[in-house]
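Engineer: Just structure_18.cif, nothing more (mmCIF, C-alpha atoms and all ligand atoms):
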```cif
data_input
#
loop_
_atom_site.label_atom_id
_atom_site.label_comp_id
_atom_site.auth_asym_id
_atom_site.auth_seq_id
_atom_site.Cartn_x
_atom_site.Cartn_y
_atom_site.Cartn_z
CA MET A 25 110.62 123.37 68.84
CA THR A 26 109.61 124.40 72.34
CA GLN A 27 108.90 121.83 75.02
CA ASP A 28 105.23 122.73 74.77
CA GLU A 29 105.24 122.12 71.01
CA LEU A 30 106.85 118.69 71.60
CA LYS A 31 104.09 117.89 74.09
CA GLY A 32 101.49 118.94 71.51
CA LEU A 33 103.11 116.66 68.94
CA VAL A 34 102.93 113.54 71.12
CA GLY A 35 99.49 114.46 72.45
CA GLN A 36 98.25 114.42 68.86
CA ALA A 37 100.21 111.25 67.96
CA ALA A 38 98.61 109.36 70.86
CA LEU A 39 95.21 109.55 69.11
CA GLN A 40 96.24 106.64 66.86
CA TYR A 41 96.21 104.37 69.95
CA VAL A 42 92.67 105.28 71.00
CA VAL A 43 90.33 102.50 69.92
CA PRO A 44 87.08 103.78 68.37
CA GLY A 45 84.06 102.46 70.26
CA GLU A 46 86.07 101.83 73.45
CA ILE A 47 86.59 103.72 76.69
CA VAL A 48 90.07 105.22 77.00
CA GLY A 49 92.16 105.62 80.17
CA VAL A 50 93.46 109.15 80.61
CA GLY A 51 96.38 110.27 82.78
CA THR A 52 97.34 113.63 84.25
CA GLY A 53 99.74 116.47 83.53
CA SER A 54 100.65 119.11 80.97
CA THR A 55 101.40 116.55 78.22
CA VAL A 56 98.13 114.74 78.83
CA ASN A 57 96.36 118.10 78.68
CA ARG A 58 97.55 118.33 75.07
CA PHE A 59 96.25 114.80 74.44
CA ILE A 60 92.87 115.79 75.88
CA GLU A 61 92.76 118.78 73.51
CA ALA A 62 93.45 116.43 70.60
CA LEU A 63 90.86 113.93 71.85
CA ALA A 64 88.16 116.54 71.25
CA SER A 65 88.41 115.67 67.53
CA MET A 66 87.30 112.06 68.18
CA LYS A 67 85.07 112.46 71.21
CA ASP A 68 82.01 111.30 69.25
CA ARG A 69 83.75 108.02 68.38
CA ILE A 70 84.39 106.85 71.96
CA PRO A 71 81.86 106.14 74.74
CA GLY A 72 84.04 108.06 77.22
CA ALA A 73 87.08 107.88 79.48
CA VAL A 74 88.30 106.76 82.88
CA SER A 75 90.31 109.57 84.40
CA SER A 76 93.24 109.51 86.83
CA SER A 77 92.59 112.86 88.53
CA VAL A 78 90.05 115.53 89.33
CA ALA A 79 91.98 117.91 87.06
CA SER A 80 91.80 115.60 84.02
CA THR A 81 88.14 114.81 84.74
CA GLU A 82 87.31 118.50 84.57
CA ARG A 83 89.18 118.92 81.29
CA LEU A 84 87.53 115.84 79.75
CA ARG A 85 84.07 117.02 80.74
CA ALA A 86 84.83 120.49 79.37
CA ILE A 87 85.36 119.00 75.88
CA GLY A 88 82.23 116.84 76.18
CA VAL A 89 83.79 113.46 77.03
CA ARG A 90 81.81 111.34 79.48
CA VAL A 91 83.91 110.25 82.46
CA PHE A 92 83.24 106.80 83.94
CA ASP A 93 84.16 105.64 87.44
CA ALA A 94 86.83 102.92 87.24
CA ASN A 95 84.46 100.53 89.04
CA GLU A 96 81.75 100.95 86.40
CA VAL A 97 83.86 99.51 83.58
CA GLY A 98 86.03 96.46 82.91
CA GLU A 99 89.45 96.25 81.34
CA LEU A 100 90.47 99.20 79.17
CA SER A 101 92.31 98.69 75.90
CA VAL A 102 94.65 101.62 76.39
CA TYR A 103 95.87 104.09 78.99
CA ILE A 104 97.58 107.30 77.83
CA ASP A 105 99.73 109.19 80.31
CA GLY A 106 102.92 111.22 80.68
CA ALA A 107 105.98 110.59 82.83
CA ASP A 108 108.59 112.49 84.77
CA GLU A 109 111.26 110.00 83.69
CA ILE A 110 111.22 106.96 81.42
CA ASP A 111 114.02 104.51 80.68
CA GLY A 112 114.57 102.51 77.49
CA ARG A 113 112.62 99.56 78.90
CA GLY A 114 109.46 101.54 79.69
CA HIS A 115 110.00 101.86 83.44
CA MET A 116 108.89 105.27 84.66
CA VAL A 117 108.91 107.74 87.51
CA LYS A 118 105.52 109.41 87.80
CA GLY A 119 103.66 111.59 90.26
CA GLY A 120 105.04 115.05 89.56
CA GLY A 121 101.39 116.06 89.36
CA ALA A 122 100.54 114.16 92.58
CA ALA A 123 98.14 111.81 90.76
CA LEU A 124 100.32 108.68 90.93
CA THR A 125 97.94 106.43 92.88
CA ARG A 126 94.98 106.87 90.56
CA GLU A 127 97.36 106.72 87.60
CA LYS A 128 98.64 103.34 88.74
CA ILE A 129 95.08 102.10 89.29
CA VAL A 130 93.94 103.05 85.78
CA ALA A 131 97.19 101.73 84.29
CA ALA A 132 96.62 98.39 86.05
CA GLN A 133 93.12 98.25 84.56
CA SER A 134 94.46 98.76 81.04
CA ARG A 135 95.98 96.29 78.59
CA ARG A 136 98.45 98.79 77.14
CA PHE A 137 100.19 101.83 78.65
CA VAL A 138 101.13 104.43 76.05
CA CYS A 139 103.50 107.00 77.53
CA ILE A 140 103.70 110.43 75.93
CA ALA A 141 106.63 112.68 76.79
CA ASP A 142 109.11 115.15 75.41
CA GLU A 143 112.62 113.79 74.90
CA SER A 144 113.97 115.42 78.08
CA LYS A 145 112.18 112.66 80.04
CA LEU A 146 114.25 109.79 78.58
CA VAL A 147 116.94 108.66 81.07
CA GLU A 148 119.49 105.88 81.49
CA ALA A 149 118.46 105.12 85.09
CA LEU A 150 115.53 106.39 87.16
CA GLY A 151 116.02 108.63 90.16
CA ALA A 152 117.43 112.00 89.08
CA PHE A 153 113.86 113.32 89.25
CA PRO A 154 112.84 113.12 92.93
CA ILE A 155 110.64 110.03 93.27
CA PRO A 156 107.11 110.91 94.45
CA VAL A 157 105.64 108.64 97.12
CA GLU A 158 102.06 109.06 98.33
CA VAL A 159 101.93 108.39 102.08
CA ILE A 160 99.47 108.24 104.95
CA PRO A 161 100.38 111.38 106.97
CA MET A 162 101.00 109.59 110.31
CA ALA A 163 103.73 107.47 108.66
CA THR A 164 105.65 110.38 107.10
CA ALA A 165 108.49 110.62 109.65
CA ARG A 166 109.18 106.88 109.72
CA ILE A 167 109.11 106.56 105.93
CA THR A 168 111.48 109.55 105.73
CA ARG A 169 113.89 107.67 108.03
CA GLN A 170 113.56 104.50 105.93
CA PHE A 171 114.58 106.43 102.80
CA ALA A 172 117.45 108.08 104.70
CA ALA A 173 118.75 104.60 105.59
CA MET A 174 118.89 103.89 101.83
CA GLY A 175 120.73 107.17 101.14
CA GLY A 176 117.66 109.14 100.02
CA GLN A 177 116.38 112.50 101.18
CA ALA A 178 112.58 112.70 101.44
CA ARG A 179 110.87 116.10 101.42
CA LEU A 180 107.22 116.65 102.17
CA ARG A 181 105.62 118.32 99.15
CA ALA A 182 103.98 121.62 100.02
CA LYS A 183 101.45 123.87 98.34
CA ASP A 184 100.57 127.40 99.46
CA GLY A 185 102.66 126.95 102.62
CA ALA A 186 100.93 123.75 103.79
CA PRO A 187 101.47 120.04 103.01
CA LEU A 188 99.94 119.24 99.62
CA VAL A 189 96.84 117.06 99.94
CA THR A 190 96.25 114.60 97.10
CA ASP A 191 92.90 113.74 95.48
CA ASN A 192 92.92 110.80 97.94
CA GLY A 193 93.41 113.03 101.01
CA GLN A 194 97.05 111.94 101.60
CA HIS A 195 100.51 113.54 101.43
CA ILE A 196 103.44 113.27 99.01
CA LEU A 197 107.12 112.74 99.83
CA ASP A 198 109.58 113.59 97.04
CA VAL A 199 112.69 111.45 97.43
CA SER A 200 115.99 112.57 95.93
CA GLY A 201 119.46 111.02 96.00
CA LEU A 202 118.50 107.52 94.85
CA ARG A 203 119.53 105.79 91.63
CA VAL A 204 117.04 103.05 90.87
CA THR A 205 118.93 100.23 89.16
CA ASP A 206 116.25 97.56 89.70
CA PRO A 207 112.88 99.33 89.26
CA LEU A 208 110.75 96.18 89.74
CA ARG A 209 112.39 95.35 93.04
CA PHE A 210 112.39 98.96 94.24
CA GLU A 211 108.68 99.31 93.51
CA SER A 212 107.83 96.01 95.22
CA ASP A 213 109.95 96.77 98.28
CA VAL A 214 108.83 100.34 98.95
CA ASN A 215 105.19 99.59 98.18
CA GLN A 216 104.96 97.21 101.12
CA TRP A 217 106.29 99.66 103.74
CA PRO A 218 103.42 100.40 106.14
CA GLY A 219 101.95 103.83 105.35
CA VAL A 220 103.06 103.91 101.72
CA VAL A 221 99.98 104.28 99.53
CA THR A 222 101.84 104.20 96.21
CA VAL A 223 105.44 104.66 95.12
CA GLY A 224 105.87 106.64 91.91
CA VAL A 225 108.08 104.04 90.22
CA PHE A 226 106.01 102.33 87.53
CA ALA A 227 107.79 99.08 86.71
CA HIS A 228 104.98 96.55 87.21
CA GLN A 229 102.73 98.90 85.21
CA LYS A 230 105.40 99.96 82.74
CA ALA A 231 104.81 101.57 79.36
CA ALA A 232 104.36 99.22 76.40
CA VAL A 233 104.91 102.11 74.00
CA CYS A 234 106.57 105.47 74.48
CA LEU A 235 105.93 108.34 72.08
CA LEU A 236 108.82 110.75 72.57
CA GLY A 237 108.64 114.25 71.16
CA THR A 238 111.95 115.18 69.52
CA ALA A 239 113.13 118.02 67.26
CA LYS A 240 112.93 115.52 64.35
CA GLY A 241 109.37 114.45 65.17
CA VAL A 242 107.79 111.66 67.19
CA ARG A 243 110.11 108.80 68.09
CA THR A 244 108.31 105.57 69.03
CA ILE A 245 109.97 103.24 71.52
CA GLU A 246 108.32 99.80 71.88
C1 LIG B 301 101.22 113.31 87.22
C2 LIG B 301 102.23 112.61 86.39
C3 LIG B 301 102.56 113.21 85.08
O1 LIG B 301 102.33 112.27 84.08
C4 LIG B 301 104.02 113.60 85.08
O2 LIG B 301 104.26 114.45 86.19
C5 LIG B 301 104.42 114.31 83.79
O3 LIG B 301 103.76 115.52 83.72
P1 LIG B 301 103.99 116.55 82.54
O4 LIG B 301 103.36 115.97 81.34
O5 LIG B 301 103.30 117.81 83.03
O6 LIG B 301 105.47 116.75 82.38
O7 LIG B 301 102.76 111.57 86.74
O8 LIG B 301 101.09 112.73 88.49
#
```
Go ahead and render the structure in this file as structure tokens.
Ligand code: 5RP
Structural biologist:
Amino acid sequence: MTQDELKGLVGQAALQYVVPGEIVGVGTGSTVNRFIEALASMKDRIPGAVSSSVASTERLRAIGVRVFDANEVGELSVYIDGADEIDGRGHMVKGGGAALTREKIVAAQSRRFVCIADESKLVEALGAFPIPVEVIPMATARITRQFAAMGGQARLRAKDGAPLVTDNGQHILDVSGLRVTDPLRFESDVNQWPGVVTVGVFAHQKAAVCLLGTAKGVRTIE
């Protein structure tokens, strides 16, 4: 099976976690795009969605799903999103699609995080995938030095020859060279550095369930 077929498999499998009659939280990325395609089949059974990015909002609206502002609704029963890396305990690296801040907000508003990913995303320890960190632009150089002091190399993410600007108007640093052995502590520590908007380690908002696409079918890790 191709990677895209594996994404389609878990996108479809995630439908079983959507609660009829309830608003669903929707993440961002190519795997979530396959979930959104599948969600079209039950769009008349849910009032709508809370979305984690402009890109997902557009896709949800295109299939006729109403998109609510996070402030308009209370707690969500479930949040479905992908990951760049996930370990066996549900800790993740996210933000490859630059949507990490809104993803963490919607995840925090949801009772259950269901991660959908192909099996290449399962890792022993987080950090081989460069860790995305959304930052306030004026703090970029200092935060880069703080990561260097920890042994990490931070690179400013670019798009079309200019720094990428997130949906929140900020920049992204991608940090390589770190092995995250204590995800909860790493997330707590980096998140309180001045100028960090959100670090892309999701340990406080970890996945309760991971649906992994494998050649043998969907493997569920709980
Ligand atoms: C976007 C994300 C995505 O969930 C992550 O990058 C995985 O994306 P894909 O499903 O395309 O591999 O965190 O900010």
Engineer: Which residues, written as a ChimeraX atom specification, have at least one atom at most 9 Å from range 133-147 of chain A, with all atoms listed in the file counted and residues fewer than 6 positions away on the same chain left out?
Structural biologist: /A:27-28,30-31,33-35,37-38,41,48-49,55-56,59,94,98-112,114,229-239,243
Engineer: Every residue with an atom at most 12 Å from (108.3, 114.6, 103.6) (file coordinates; all atoms listed in the file) is what I'm after, so could you write them as an MDAnalysis selection string?
Structural biologist: chainID A and resid 154:172 176:182 186:188 194:200
Engineer: Residues near Leu124 in chain A, anyone? I mean within 9 Å using all atoms listed in the file, not counting same-chain ones fewer than 2 positions away, as a ChimeraX atom specification.
Structural biologist: /A:52,76,118-122,126-129,156-158,222-224
Engineer: Find the residues near range 64-75 of chain A: any atom within 8 Å, counting all atoms listed in the file, skip ones fewer than 3 places away on the same chain, and give them as a PyMOL selection string.
Structural biologist: chain A and resi 43-51+60-61+78+80-81+84+87-94+130
Engineer: Could you put an axis-aligned box around every listed atom of range 108-117 of chain A, padded by 4 Å on each side, and send me its centre and edge lengths in Å to one decimal, as AutoDock Vina command-line options?
Structural biologist:
```
--center_x 111.6 --center_y 106.0 --center_z 82.5 --size_x 14.0 --size_y 20.9 --size_z 18.0
```
Engineer: I need the residue nearest ligand LIG 301 (chain B) from this list: A:Met116, A:Ala132, A:Val42, A:Val220. Use all atoms listed in the file for the distance.
Structural biologist: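 The answer is A:Met116, which sits nearest to ligand LIG 301 (chain B).
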